[in-house]
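Structure file entry-v4.txt; described as compact mmCIF, C-alpha atoms.
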# COMPACT_ATOMS: atom_id res chain seq x y z
CA MET A 87 0.00 0.00 0.00
CA LYS A 88 2.93 2.33 0.62
CA GLU A 89 4.05 2.09 -2.99
CA PHE A 90 0.47 2.59 -4.21
CA ASP A 91 0.00 5.65 -1.99
CA LYS A 92 3.31 7.04 -3.16
CA THR A 93 2.28 6.57 -6.80
CA ILE A 94 -0.99 8.34 -6.17
CA ALA A 95 0.75 11.18 -4.37
CA ASP A 96 3.21 11.63 -7.23
CA LYS A 97 0.30 11.70 -9.66
CA LEU A 98 -1.46 14.37 -7.64
CA ASN A 99 1.70 16.47 -7.40
CA GLN A 100 2.05 16.48 -11.19
CA VAL A 101 -1.40 18.05 -11.69
CA ASP A 102 -2.00 21.72 -11.07
CA TYR A 103 -5.29 21.21 -9.26
CA PRO A 104 -6.41 22.79 -5.97
CA VAL A 105 -6.75 20.10 -3.34
CA ASP A 106 -10.10 19.92 -1.59
CA HIS A 107 -9.05 19.24 2.03
CA GLU A 108 -12.63 18.93 3.21
CA MET A 109 -13.17 16.03 0.81
CA TRP A 110 -10.08 14.20 2.11
CA ASP A 111 -11.10 14.80 5.75
CA ALA A 112 -14.53 13.36 5.00
CA ILE A 113 -12.96 10.28 3.40
CA GLU A 114 -10.62 9.70 6.36
CA SER A 115 -13.35 10.17 8.95
CA SER A 116 -15.63 7.72 7.14
CA LEU A 117 -12.87 5.08 7.06
CA GLY A 118 -11.62 5.63 10.63
CA LYS A 119 -8.00 6.09 11.70
CA ALA A 120 -5.52 4.42 9.34
CA PRO A 121 -3.47 1.65 11.00
CA SER A 122 0.22 2.13 11.74
CA ALA A 123 2.68 0.70 9.26
CA ALA A 124 4.69 -0.96 12.10
CA SER A 125 1.73 -2.85 13.50
CA ASN A 126 1.75 -6.61 12.91
CA GLU A 127 -1.69 -7.15 14.41
CA VAL A 128 -3.66 -5.73 11.50
CA SER A 129 -5.76 -8.39 9.80
CA PHE A 130 -5.86 -8.70 6.01
CA MET A 131 -9.55 -8.06 5.36
CA PRO A 132 -9.94 -4.66 7.13
CA SER A 133 -6.76 -3.42 5.51
CA PHE A 134 -7.87 -4.66 2.12
CA ILE A 135 -11.34 -3.11 2.43
CA ALA A 136 -9.96 0.23 3.59
CA GLY A 137 -7.43 0.27 0.75
CA THR A 138 -10.12 -0.53 -1.77
CA ALA A 139 -12.33 2.29 -0.50
CA VAL A 140 -9.47 4.78 -0.63
CA THR A 141 -8.57 3.61 -4.13
CA ALA A 142 -12.16 4.08 -5.32
CA ALA A 143 -12.29 7.57 -3.86
CA ILE A 144 -8.97 8.52 -5.44
CA VAL A 145 -10.01 7.16 -8.85
CA THR A 146 -13.20 9.17 -8.62
CA VAL A 147 -11.26 12.36 -7.90
CA LEU A 148 -8.75 11.68 -10.66
CA SER A 149 -11.53 11.14 -13.18
CA LEU A 150 -12.68 14.73 -12.57
CA MET A 151 -9.22 16.19 -13.11
CA PRO A 152 -8.14 17.63 -16.50
CA VAL A 153 -5.55 15.68 -18.44
CA GLY A 154 -2.42 17.41 -19.69
CA GLU A 155 -1.39 21.06 -19.39
CA SER A 156 -4.04 23.75 -19.43
CA THR A 157 -4.30 27.45 -18.75
CA HIS A 158 -7.71 26.78 -17.18
CA PRO A 159 -7.21 23.92 -14.70
CA ILE A 160 -10.87 23.97 -13.61
CA SER A 161 -13.24 23.10 -16.45
CA HIS A 162 -16.82 24.32 -16.53
CA PRO A 163 -19.70 22.51 -18.26
CA ALA A 164 -20.83 24.10 -21.56
CA GLU A 165 -24.04 26.08 -21.39
CA ALA A 166 -27.01 24.56 -23.18
CA HIS A 167 -27.96 26.43 -26.36
CA GLU A 168 -30.21 25.96 -29.34
CA VAL A 169 -28.55 24.95 -32.60
CA THR A 170 -30.19 26.22 -35.76
CA ALA A 171 -29.80 23.99 -38.79
CA LEU A 172 -29.46 25.76 -42.11
CA THR A 173 -31.01 23.92 -45.02
CA GLU A 174 -29.95 24.90 -48.52
CA ASP A 175 -32.57 22.95 -50.47
CA VAL A 176 -36.17 23.29 -49.27
CA GLU A 177 -38.97 21.34 -50.88
CA PRO A 178 -41.54 23.61 -52.58
CA ASN A 179 -44.44 22.10 -50.62
CA GLN A 180 -42.63 22.13 -47.29
CA GLU A 181 -44.36 24.44 -44.82
CA SER A 182 -42.12 26.97 -43.11
CA SER A 183 -42.84 29.70 -40.62
CA ALA A 184 -39.86 31.74 -41.83
CA PRO A 185 -40.75 34.89 -43.78
CA VAL A 186 -40.39 34.82 -47.55
CA MET A 187 -37.09 36.39 -48.59
CA MET A 188 -37.58 39.35 -50.90
CA HIS A 189 -34.64 40.34 -53.10
CA THR A 190 -34.18 44.09 -53.63
CA ALA A 191 -33.56 45.46 -57.09
CA GLN A 192 -30.19 47.07 -57.66
CA GLU A 193 -29.93 50.83 -57.66
CA GLU A 194 -27.22 52.88 -59.29
CA HIS A 195 -24.12 52.52 -57.13
CA GLU A 196 -20.33 52.59 -57.06
CA ILE A 197 -19.27 49.32 -58.65
CA GLU A 198 -16.33 47.44 -57.20
CA LEU A 199 -13.84 46.60 -59.90
CA ILE A 200 -12.54 43.14 -59.12
CA HIS A 201 -9.38 41.26 -60.07
CA GLU A 202 -7.28 44.41 -60.12
CA LEU A 203 -4.36 43.97 -62.48
CA PRO A 204 -1.03 45.82 -62.27
CA GLN A 205 -0.62 49.00 -64.27
CA VAL A 206 1.50 48.58 -67.36
CA LYS A 207 3.82 51.42 -68.28
CA LYS A 208 4.64 51.66 -71.93
CA GLU A 209 6.84 54.08 -73.85
CA LEU A 210 5.48 55.14 -77.20
CA ALA A 211 7.59 56.15 -80.19
CA PRO A 212 7.31 59.83 -81.22
CA THR A 213 4.26 60.47 -83.33
CA MET A 214 6.29 62.25 -86.04
CA GLU A 215 7.22 59.90 -88.86
CA LYS A 216 10.97 59.65 -89.54
CA THR A 217 12.68 58.72 -92.79
CA VAL A 218 15.66 56.45 -92.99
CA SER A 219 17.91 59.26 -94.18
CA SER A 220 17.00 61.54 -91.26
CA GLU A 221 17.70 58.78 -88.77
CA GLN A 222 21.14 58.22 -90.28
CA GLU A 223 22.02 61.91 -90.40
CA HIS A 224 21.17 62.77 -86.77
CA PRO A 225 21.16 59.57 -84.75
CA LYS A 226 22.57 61.10 -81.55
CA GLU A 227 20.18 64.07 -81.48
CA GLU A 228 17.14 61.81 -81.86
CA ASN A 229 18.24 59.46 -79.11
CA THR A 230 18.88 62.41 -76.81
CA GLU A 231 15.41 63.85 -77.48
CA LEU A 232 13.74 60.44 -77.12
CA ASN A 233 15.34 59.80 -73.76
CA ALA A 234 14.30 63.21 -72.52
CA THR A 235 10.72 62.73 -73.67
CA HIS A 236 10.30 59.27 -72.17
CA SER A 237 11.98 59.77 -68.84
CA PRO A 238 11.15 56.88 -66.48
CA SER A 239 10.36 59.31 -63.67
CA ILE A 240 7.69 61.00 -65.81
CA VAL A 241 6.11 57.67 -66.72
CA THR A 242 6.09 56.59 -63.05
CA THR A 243 4.39 59.85 -62.06
CA ILE A 244 1.66 59.32 -64.64
CA ALA A 245 1.12 55.75 -63.46
CA GLN A 246 0.67 56.87 -59.89
CA GLU A 247 -1.91 59.54 -60.76
CA VAL A 248 -4.14 57.59 -63.15
CA SER A 249 -7.12 55.45 -62.20
CA PHE A 250 -10.84 55.17 -62.97
CA ARG A 251 -14.20 54.37 -61.36
CA ALA A 252 -17.38 52.65 -62.48
CA ILE A 253 -20.92 53.72 -61.51
CA GLY A 254 -24.17 52.05 -62.52
CA ILE A 255 -26.01 48.73 -62.25
CA GLN A 256 -24.13 45.43 -62.63
CA CYS A 257 -26.74 43.72 -64.78
CA ALA A 258 -26.65 42.72 -68.42
CA GLY A 259 -28.16 45.42 -70.61
CA SER A 260 -27.70 48.22 -68.05
CA THR A 261 -25.54 51.26 -68.70
CA VAL A 262 -22.33 51.71 -66.71
CA LEU A 263 -20.52 55.05 -66.45
CA PHE A 264 -16.72 54.90 -66.42
CA LYS A 265 -14.94 58.00 -65.10
CA ALA A 266 -11.20 58.65 -65.37
CA GLU A 267 -9.55 59.91 -62.19
CA THR A 268 -6.47 61.90 -63.11
CA LYS A 269 -5.22 65.44 -62.66
CA LEU A 270 -3.11 65.22 -65.79
CA LEU A 271 -4.17 66.80 -69.07
CA ALA A 272 -3.99 63.48 -70.84
CA ASP A 273 -5.87 61.95 -73.74
CA ILE A 274 -8.01 59.08 -72.45
CA LYS A 275 -8.92 56.05 -74.51
CA TRP A 276 -10.88 53.01 -73.37
CA ILE A 277 -10.62 49.47 -74.66
CA ILE A 278 -13.41 47.13 -73.53
CA ASP A 279 -12.96 43.38 -73.88
CA GLY A 280 -10.09 44.08 -76.26
CA VAL A 281 -12.47 45.16 -79.03
CA HIS A 282 -14.50 48.27 -78.33
CA VAL A 283 -12.53 51.53 -78.33
CA LEU A 284 -14.00 54.73 -76.90
CA GLU A 285 -12.54 58.15 -76.07
CA GLY A 286 -13.12 60.71 -73.33
CA THR A 287 -12.65 61.14 -69.61
CA GLU A 288 -16.20 59.78 -69.08
CA ILE A 289 -17.86 57.11 -71.20
CA GLU A 290 -21.03 55.02 -70.94
CA TYR A 291 -21.15 51.39 -71.95
CA SER A 292 -23.78 48.65 -71.79
CA PHE A 293 -22.67 45.03 -71.40
CA ASP A 294 -24.98 42.65 -73.22
CA ASP A 295 -23.54 39.48 -71.72
CA ALA A 296 -23.03 38.46 -68.10
CA GLY A 297 -19.60 37.54 -66.80
CA ASP A 298 -16.25 39.21 -66.19
CA HIS A 299 -15.31 41.96 -68.65
CA GLU A 300 -11.89 43.59 -68.97
CA VAL A 301 -11.77 47.36 -69.15
CA VAL A 302 -8.50 49.11 -70.07
CA MET A 303 -8.05 52.85 -69.70
CA LEU A 304 -5.17 54.21 -71.79
CA SER A 305 -3.79 57.58 -70.64
CA ILE A 306 -1.48 59.35 -73.09
CA GLU A 307 0.42 62.53 -72.26
CA ASN A 308 3.52 63.95 -73.95
CA GLY A 309 4.03 60.69 -75.79
CA ASN A 310 3.91 58.63 -72.58
CA SER A 311 1.24 55.96 -72.24
CA VAL A 312 -0.03 54.23 -69.12
CA SER A 313 -2.65 51.51 -69.34
CA THR A 314 -4.78 50.72 -66.30
CA LYS A 315 -6.64 47.42 -66.35
CA ARG A 316 -9.62 46.42 -64.24
CA VAL A 317 -12.26 43.70 -64.45
CA ILE A 318 -15.95 44.47 -63.91
CA GLN A 319 -18.40 41.71 -63.03
CA ILE A 320 -21.79 41.77 -64.75
CA TYR A 321 -24.68 39.57 -63.59
CA GLU A 322 -27.39 37.90 -65.64
CA ARG A 323 -30.94 39.15 -65.61
CA PRO A 324 -33.36 36.54 -64.25
CA GLU A 325 -35.63 34.49 -66.46
CA GLY A 326 -38.54 32.71 -64.85
CA SER A 327 -40.58 29.74 -65.95
CA LEU A 328 -44.22 30.78 -65.43
CA SER A 329 -47.28 28.53 -65.29
CA TYR A 330 -50.70 28.25 -63.66
CA THR A 331 -53.44 25.73 -62.88
CA VAL A 332 -57.16 26.28 -62.24
CA GLU A 333 -59.05 24.30 -59.60
CA GLY A 334 -62.57 23.97 -61.03
CA ASN A 335 -65.61 24.51 -58.77
CA ASN A 336 -69.01 24.88 -60.41
CA GLN A 337 -70.64 26.00 -57.15
CA CYS A 338 -68.66 29.26 -56.91
CA PHE A 339 -68.12 32.30 -59.13
CA GLY A 340 -64.41 32.58 -58.36
CA GLN A 341 -61.93 29.81 -59.05
CA ASN A 342 -58.69 29.09 -57.19
CA VAL A 343 -55.82 29.74 -59.59
CA GLN A 344 -52.37 28.46 -58.59
CA LEU A 345 -49.59 30.69 -59.92
CA LYS A 346 -46.21 29.01 -60.20
CA ALA A 347 -42.77 30.33 -61.11
CA GLY A 348 -39.26 28.93 -61.05
CA PRO A 349 -36.52 28.83 -60.08
CA GLY A 350 -37.53 29.49 -56.49
CA ALA A 351 -34.30 31.38 -55.71
CA ASN A 352 -35.77 34.46 -57.41
CA THR A 353 -38.34 36.87 -56.02
CA TYR A 354 -41.61 37.07 -57.97
CA THR A 355 -44.28 39.78 -57.80
CA TRP A 356 -47.46 39.09 -59.79
CA LEU A 357 -49.86 41.82 -60.90
CA ILE A 358 -53.11 40.27 -62.09
CA ALA A 359 -56.69 41.59 -62.04
CA GLN A 360 -55.49 44.63 -60.07
CA GLN A 361 -54.11 42.34 -57.37
CA GLU A 362 -50.44 42.22 -56.31
CA ILE A 363 -49.22 38.80 -55.17
CA ASN A 364 -45.72 37.79 -54.02
CA GLY A 365 -44.12 34.39 -54.22
CA SER A 366 -43.01 31.62 -56.56
CA ALA A 367 -46.08 29.57 -55.56
CA SER A 368 -49.15 31.74 -54.94
CA GLN A 369 -52.92 31.48 -55.15
CA VAL A 370 -55.52 33.95 -56.38
CA ARG A 371 -59.30 33.72 -56.89
CA LEU A 372 -60.48 34.78 -60.32
CA GLU A 373 -63.83 34.62 -62.04
CA ARG A 374 -64.33 33.24 -65.52
CA GLY A 375 -62.37 35.15 -68.16
CA SER A 376 -58.90 35.90 -69.54
CA TYR A 377 -56.32 37.84 -67.54
CA SER A 378 -52.92 39.25 -68.40
CA ALA A 379 -50.45 38.71 -65.54
CA ASP A 380 -47.34 40.92 -65.38
CA VAL A 381 -44.53 39.36 -63.35
CA HIS A 382 -41.63 41.35 -61.87
CA ILE A 383 -38.62 39.10 -61.16
CA VAL A 384 -35.57 39.91 -59.01
CA ASN A 385 -32.62 37.53 -58.56
CA GLU A 386 -30.12 37.30 -55.71
CA HIS A 387 -27.83 39.87 -57.38
CA GLY A 388 -30.62 42.45 -57.61
CA CYS A 389 -31.00 42.16 -61.38
CA THR A 390 -34.58 42.45 -62.62
CA SER A 391 -36.72 41.43 -65.56
CA GLU A 392 -40.37 41.71 -66.59
CA GLN A 393 -42.38 38.82 -68.00
CA ASN A 394 -46.01 38.29 -68.92
CA ILE A 395 -48.35 35.30 -68.99
CA LEU A 396 -51.98 35.02 -70.14
CA VAL A 397 -54.24 33.27 -67.60
CA ASN A 398 -57.49 31.76 -68.88
CA VAL A 399 -60.09 30.81 -66.26
CA ASP A 400 -62.89 28.48 -67.30
CA GLY A 401 -65.65 26.85 -65.29
CA GLY A 402 -67.23 28.19 -62.17
CA LEU A 403 -70.80 29.15 -61.41
CA GLU A 404 -72.35 31.09 -64.29
CA ILE A 405 -75.72 32.82 -64.27
CA TYR A 406 -77.46 33.31 -67.57
CA ILE A 407 -79.91 36.24 -67.71
CA PRO A 408 -82.24 36.59 -70.74
CA ASN A 409 -82.38 40.04 -72.31
CA SER A 410 -85.94 39.65 -73.67
CA PHE A 411 -89.20 37.72 -73.26
CA SER A 412 -92.76 37.80 -74.68
CA PRO A 413 -95.52 37.71 -72.00
CA ASN A 414 -98.41 37.00 -74.43
CA ASN A 415 -99.55 33.65 -72.98
CA ASP A 416 -98.71 31.72 -76.14
CA GLY A 417 -96.77 29.15 -74.11
CA ASN A 418 -93.42 30.24 -75.56
CA ASN A 419 -91.04 32.43 -73.55
CA ASP A 420 -93.91 33.90 -71.51
CA ALA A 421 -91.90 34.50 -68.32
CA TRP A 422 -88.52 35.97 -67.48
CA LEU A 423 -86.14 34.25 -65.00
CA PRO A 424 -82.32 34.10 -64.74
CA VAL A 425 -80.83 30.59 -65.03
CA GLY A 426 -78.34 29.37 -62.40
CA LEU A 427 -79.80 31.04 -59.32
CA GLU A 428 -80.90 27.62 -58.05
CA LYS A 429 -77.22 26.85 -57.30
CA CYS A 430 -76.81 29.95 -55.14
CA ASN A 431 -77.13 30.15 -51.38
CA ALA A 432 -79.24 33.29 -51.68
CA HIS A 433 -80.30 35.83 -54.27
CA SER A 434 -82.58 38.81 -54.89
CA ILE A 435 -84.16 40.11 -58.12
CA GLN A 436 -85.47 43.59 -58.87
CA VAL A 437 -86.97 44.82 -62.16
CA PHE A 438 -87.53 48.55 -62.88
CA ARG A 439 -89.44 50.25 -65.67
CA ALA A 440 -86.81 52.14 -67.65
CA GLN A 441 -89.19 54.99 -68.48
CA ASP A 442 -89.72 56.20 -64.88
CA ASN A 443 -87.49 53.87 -62.82
CA THR A 444 -90.56 52.37 -61.12
CA LEU A 445 -90.09 49.05 -59.34
CA VAL A 446 -92.38 46.57 -61.13
CA PHE A 447 -91.12 43.19 -59.82
CA GLU A 448 -89.16 41.93 -56.82
CA THR A 449 -88.40 38.48 -55.36
CA THR A 450 -85.95 36.50 -53.25
CA GLU A 451 -87.62 33.12 -53.86
CA GLY A 452 -86.47 32.51 -57.40
CA SER A 453 -89.92 32.97 -58.93
CA ALA A 454 -90.27 34.10 -62.55
CA TRP A 455 -91.66 37.46 -63.68
CA ASP A 456 -94.72 37.02 -65.89
CA GLY A 457 -94.71 40.64 -67.08
CA ASN A 458 -97.36 41.97 -64.73
CA ILE A 459 -96.64 45.52 -63.62
CA ALA A 460 -96.30 45.69 -59.83
CA GLY A 461 -98.62 42.73 -59.33
CA SER A 462 -101.46 44.23 -61.38
CA THR A 463 -103.07 42.83 -64.49
CA ASP A 464 -101.36 45.48 -66.62
CA LEU A 465 -98.92 44.07 -69.14
CA PRO A 466 -95.97 45.89 -70.74
CA GLN A 467 -96.19 47.17 -74.27
CA ARG A 468 -94.29 45.66 -77.14
CA GLY A 469 -90.72 47.04 -77.28
CA GLU A 470 -90.88 48.47 -73.75
CA GLN A 471 -87.56 48.49 -71.83
CA PHE A 472 -86.96 47.33 -68.25
CA ILE A 473 -83.83 47.29 -66.09
CA TYR A 474 -82.93 44.32 -63.87
CA ARG A 475 -80.67 44.12 -60.82
CA VAL A 476 -79.67 40.65 -59.58
CA ILE A 477 -77.59 40.02 -56.45
CA ALA A 478 -76.49 36.40 -55.95
CA GLU A 479 -74.39 34.71 -53.24
CA ASP A 480 -72.63 31.50 -54.25
CA ALA A 481 -71.73 28.44 -52.16
CA CYS A 482 -68.36 29.98 -51.28
CA GLY A 483 -70.00 33.04 -49.74
CA GLU A 484 -69.00 35.38 -52.56
CA GLU A 485 -71.50 37.91 -53.86
CA GLN A 486 -72.01 39.03 -57.42
CA GLU A 487 -74.18 41.88 -58.70
CA LEU A 488 -75.55 41.74 -62.24
CA LYS A 489 -77.33 44.52 -64.11
CA GLY A 490 -78.80 44.78 -67.56
CA SER A 491 -81.84 45.50 -69.69
CA ILE A 492 -84.90 43.51 -70.72
CA THR A 493 -86.84 44.14 -73.90
CA VAL A 494 -90.50 42.99 -74.20
CA MET A 495 -91.19 41.07 -77.41
CA GLN A 496 -94.80 40.29 -78.44

Output the file's structure as structure tokens, nothing else.
Amino acid sequence: MKEFDKTIADKLNQVDYPVDHEMWDAIESSLGKAPSAASNEVSFMPSFIAGTAVTAAIVTVLSLMPVGESTHPISHPAEAHEVTALTEDVEPNQESSAPVMMHTAQEEHEIELIHELPQVKKELAPTMEKTVSSEQEHPKEENTELNATHSPSIVTTIAQEVSFRAIGIQCAGSTVLFKAETKLLADIKWIIDGVHVLEGTEIEYSFDDAGDHEVVMLSIENGNSVSTKRVIQIYERPEGSLSYTVEGNNQCFGQNVQLKAGPGANTYTWLIAQQEINGSASQVRLERGSYSADVHIVNEHGCTSEQNILVNVDGGLEIYIPNSFSPNNDGNNDAWLPVGLEKCNAHSIQVFRAQDNTLVFETTEGSAWDGNIAGSTDLPQRGEQFIYRVIAEDACGEEQELKGSITVMQ
């Protein structure tokens, strides 16, 4: 036991851990006084049991100690916190309580020119054409003048004072303004994508294609030329795939129309039947007819586009109202009654004489008008005009008001 205790003590001395004396006192008091090492009267079992208990206590303490060197010898348990999982691909039909992300269209702004390339200093030959004979006659004078004109210090100064900016919208088809930034009275030329050459301290250019485009500004002063290269990134305008489906319901005037657009990474705003609807999968109620839907699309880069789709809505509850009848008791078309009201939850009918706007017929029971004027035996004259007003409520609780004229035929 002495060797075991010594090993444990050495182990404890190697660890920078504050000793809890109260814990050790509690362990010793629970075990009783340890027997003397010189005593020969100690039986095996008590000694073994006490040693086992001490060993268990020590192992328990050691298991709580940190292993290895540490600047924080006492470890604290990590606080519980909620982990939010980010999902890149979300199923279209998956319900989510998160708000729909709305991309914002780009506005004119200072455009960051990426992939900056080093400025290239280039010495140009004098613009004056020289003949072979003149070069042979005065070779030293020309070299002296050329060296003076193209001094490296002058070229370096120009390179340090020449740059340019870009302002506009980074979308294909949009105009970008390039502005030279230099205090020198230099001639400025621009080379775009190695093909298009423009002149002036400020130019406008429209990039038809998305991608990285190289823009070179060439500054020329006193025969010295400095080219400054930058790359501008242009983004594609979005193109959506638009479609719709109509859920038929013959008991209601309006039909549920599902508007769909893809890809879902874009933002879609639909304008249809004077209603504005947002989303790549939206629903709108429309009555029978044809509608032109204008769709405003914005992608993640803020580039926009406008598209259009024609939406045709068929089906639905339809009420047919005759525009004439002949109340002459010949058994043919003697009464006037709209068709389709029997499918409605409720309705009301009013008929007015067009001549003096007098109410001549009214019902909420779906009964037909036989031509009698205000319940009397008087009948309308041939060719007389009447105005009807029908209010019907369908099975979906939607109301529709219909107005028109009736002509008496006899």

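Among the candidate residues A:Pro424, A:Gly254, A:Pro324, A:Gly280, the one lying nearest to Leu488 (chain A) is A:Pro424, with distances computed using only C-alpha atoms.
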
### Message
Residues within 7 Å of (-63.6, 26.5, -63.4), file coordinates, counting only C-alpha atoms: what are they? Give the list as a PyMOL selection string.
### Response
chain A and resi 332-336+341+399-402

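With all atoms listed in the file taken into account, the protein and nucleic acid residues at most 9 Å from Leu271 (chain A) (excluding it and anything under 2 positions from it in its own chain) are Thr268, Lys269, Asp273, Ile306 and Glu307 of chain A.
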
## Note on the structure
Expressed in Å, the length from CA of Tyr474 (chain A) to CA of Asn418 (chain A) is 21.1 Å

(-32.2, 50.8, -58.7) in this file's frame - what residues fall within 9 Å of it? Use all atoms listed in the file and give the answer as a tab-separated table (two decimals) with C-alpha atoms, in the coordinates of the input.
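Contents of part_0.tsv, as written:
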chain	number	residue	atom	x	y	z
A	190	THR	CA	-34.18	44.09	-53.63
A	191	ALA	CA	-33.56	45.46	-57.09
A	192	GLN	CA	-30.19	47.07	-57.66
A	193	GLU	CA	-29.93	50.83	-57.66
A	194	GLU	CA	-27.22	52.88	-59.29
A	195	HIS	CA	-24.12	52.52	-57.13
A	254	GLY	CA	-24.17	52.05	-62.52
A	255	ILE	CA	-26.01	48.73	-62.25
A	388	GLY	CA	-30.62	42.45	-57.61

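Closest approach to Val384 (chain A) among A:Ala359, A:Met188, A:Val494, A:Leu199: A:Met188, based on only C-alpha atoms.
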
### Task
Report the distance between CA of Lys315 (chain A) and CA of Ala252 (chain A) in Å, rounded to one decimal place.
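Those two atoms sit 12.6 Å apart.
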
## Note on the structure
From CA of Ile318 (chain A) to CA of His299 (chain A) the spacing works out at 5.4 Å

### Query
His433 (chain A): which residues within 8 Å, counting all atoms listed in the file, same-chain residues fewer than 2 positions away excluded, as a list in words?
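Surrounding residues, per the criterion: Leu427, Cys430, Asn431, Ile435, Thr450, Glu451, Gly452, Val476, Ile477, Ala478 and Glu479 of chain A.
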
### Query
From the list A:Ala347, A:Ile320, A:Ile395, A:Val446, which residue is nearest Phe293 (chain A) when using all atoms listed in the file?
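Among the listed residues, A:Ile320 lies closest to Phe293 (chain A).
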
### Task
Considering only C-alpha atoms, state which residue in the set A:Thr314, A:Thr287, A:Ser462, A:Gln467 is at the smallest distance from Thr493 (chain A).
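Of A:Thr314, A:Thr287, A:Ser462, A:Gln467, the one nearest Thr493 (chain A), counting only C-alpha atoms, is A:Gln467.
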
May I have the centre and edge lengths, in Å to one decimal, of an axis-aligned box around the listed atoms of region 351-359 of chain A with 4 Å added to every side, as JSON?
{"center_x": -45.5, "center_y": 36.6, "center_z": -58.9, "size_x": 30.4, "size_y": 18.4, "size_z": 14.4}

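Around Met495 (chain A), within 9 Å and counting all atoms listed in the file, the residues found are A:Ser410, A:Phe411, A:Ser412, A:Pro413, A:Asn414, A:Gln467, A:Arg468, A:Gly469, A:Glu470, once anything fewer than 5 positions away on its own chain is removed.
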
### Residue nearest Gly297 (chain A) - candidates A:Val312, A:Val283, A:Ala258, A:Ala460, atoms counted: all atoms listed in the file
A:Ala258

Atom completion result for region 319-335 of chain A (N, CA and C atoms) as an mmCIF file, keeping the file's coordinate frame:
data_model
loop_
_atom_site.group_PDB
_atom_site.id
_atom_site.type_symbol
_atom_site.label_atom_id
_atom_site.label_comp_id
_atom_site.auth_asym_id
_atom_site.auth_seq_id
_atom_site.Cartn_x
_atom_site.Cartn_y
_atom_site.Cartn_z
ATOM 1 N N GLN A 319 -17.535 42.888 -63.015
ATOM 2 C CA GLN A 319 -18.400 41.710 -63.030
ATOM 3 C C GLN A 319 -19.838 42.127 -63.328
ATOM 4 N N ILE A 320 -20.421 41.489 -64.334
ATOM 5 C CA ILE A 320 -21.790 41.770 -64.750
ATOM 6 C C ILE A 320 -22.627 40.508 -64.525
ATOM 7 N N TYR A 321 -23.812 40.702 -63.916
ATOM 8 C CA TYR A 321 -24.680 39.570 -63.590
ATOM 9 C C TYR A 321 -25.806 39.425 -64.612
ATOM 10 N N GLU A 322 -26.284 38.189 -64.714
ATOM 11 C CA GLU A 322 -27.390 37.900 -65.640
ATOM 12 C C GLU A 322 -28.708 38.436 -65.100
ATOM 13 N N ARG A 323 -29.573 38.811 -66.012
ATOM 14 C CA ARG A 323 -30.940 39.150 -65.610
ATOM 15 C C ARG A 323 -31.733 37.844 -65.468
ATOM 16 N N PRO A 324 -32.652 37.799 -64.505
ATOM 17 C CA PRO A 324 -33.360 36.540 -64.250
ATOM 18 C C PRO A 324 -34.378 36.228 -65.339
ATOM 19 N N GLU A 325 -34.590 34.964 -65.529
ATOM 20 C CA GLU A 325 -35.630 34.490 -66.460
ATOM 21 C C GLU A 325 -36.422 33.416 -65.747
ATOM 22 N N GLY A 326 -37.705 33.645 -65.596
ATOM 23 C CA GLY A 326 -38.540 32.710 -64.850
ATOM 24 C C GLY A 326 -39.368 31.819 -65.767
ATOM 25 N N SER A 327 -39.672 30.657 -65.262
ATOM 26 C CA SER A 327 -40.580 29.740 -65.950
ATOM 27 C C SER A 327 -41.951 29.876 -65.281
ATOM 28 N N LEU A 328 -42.909 30.446 -65.996
ATOM 29 C CA LEU A 328 -44.220 30.780 -65.430
ATOM 30 C C LEU A 328 -45.289 29.793 -65.880
ATOM 31 N N SER A 329 -46.168 29.418 -64.951
ATOM 32 C CA SER A 329 -47.280 28.530 -65.290
ATOM 33 C C SER A 329 -48.409 28.743 -64.288
ATOM 34 N N TYR A 330 -49.561 28.137 -64.562
ATOM 35 C CA TYR A 330 -50.700 28.250 -63.660
ATOM 36 C C TYR A 330 -51.612 27.047 -63.834
ATOM 37 N N THR A 331 -52.408 26.766 -62.811
ATOM 38 C CA THR A 331 -53.440 25.730 -62.880
ATOM 39 C C THR A 331 -54.708 26.275 -62.236
ATOM 40 N N VAL A 332 -55.868 25.832 -62.745
ATOM 41 C CA VAL A 332 -57.160 26.280 -62.240
ATOM 42 C C VAL A 332 -57.868 25.108 -61.576
ATOM 43 N N GLU A 333 -58.288 25.313 -60.317
ATOM 44 C CA GLU A 333 -59.050 24.300 -59.600
ATOM 45 C C GLU A 333 -60.543 24.563 -59.835
ATOM 46 N N GLY A 334 -61.182 23.743 -60.651
ATOM 47 C CA GLY A 334 -62.570 23.970 -61.030
ATOM 48 C C GLY A 334 -63.547 23.736 -59.888
ATOM 49 N N ASN A 335 -64.541 24.639 -59.767
ATOM 50 C CA ASN A 335 -65.610 24.510 -58.770
ATOM 51 C C ASN A 335 -66.855 25.160 -59.338
#
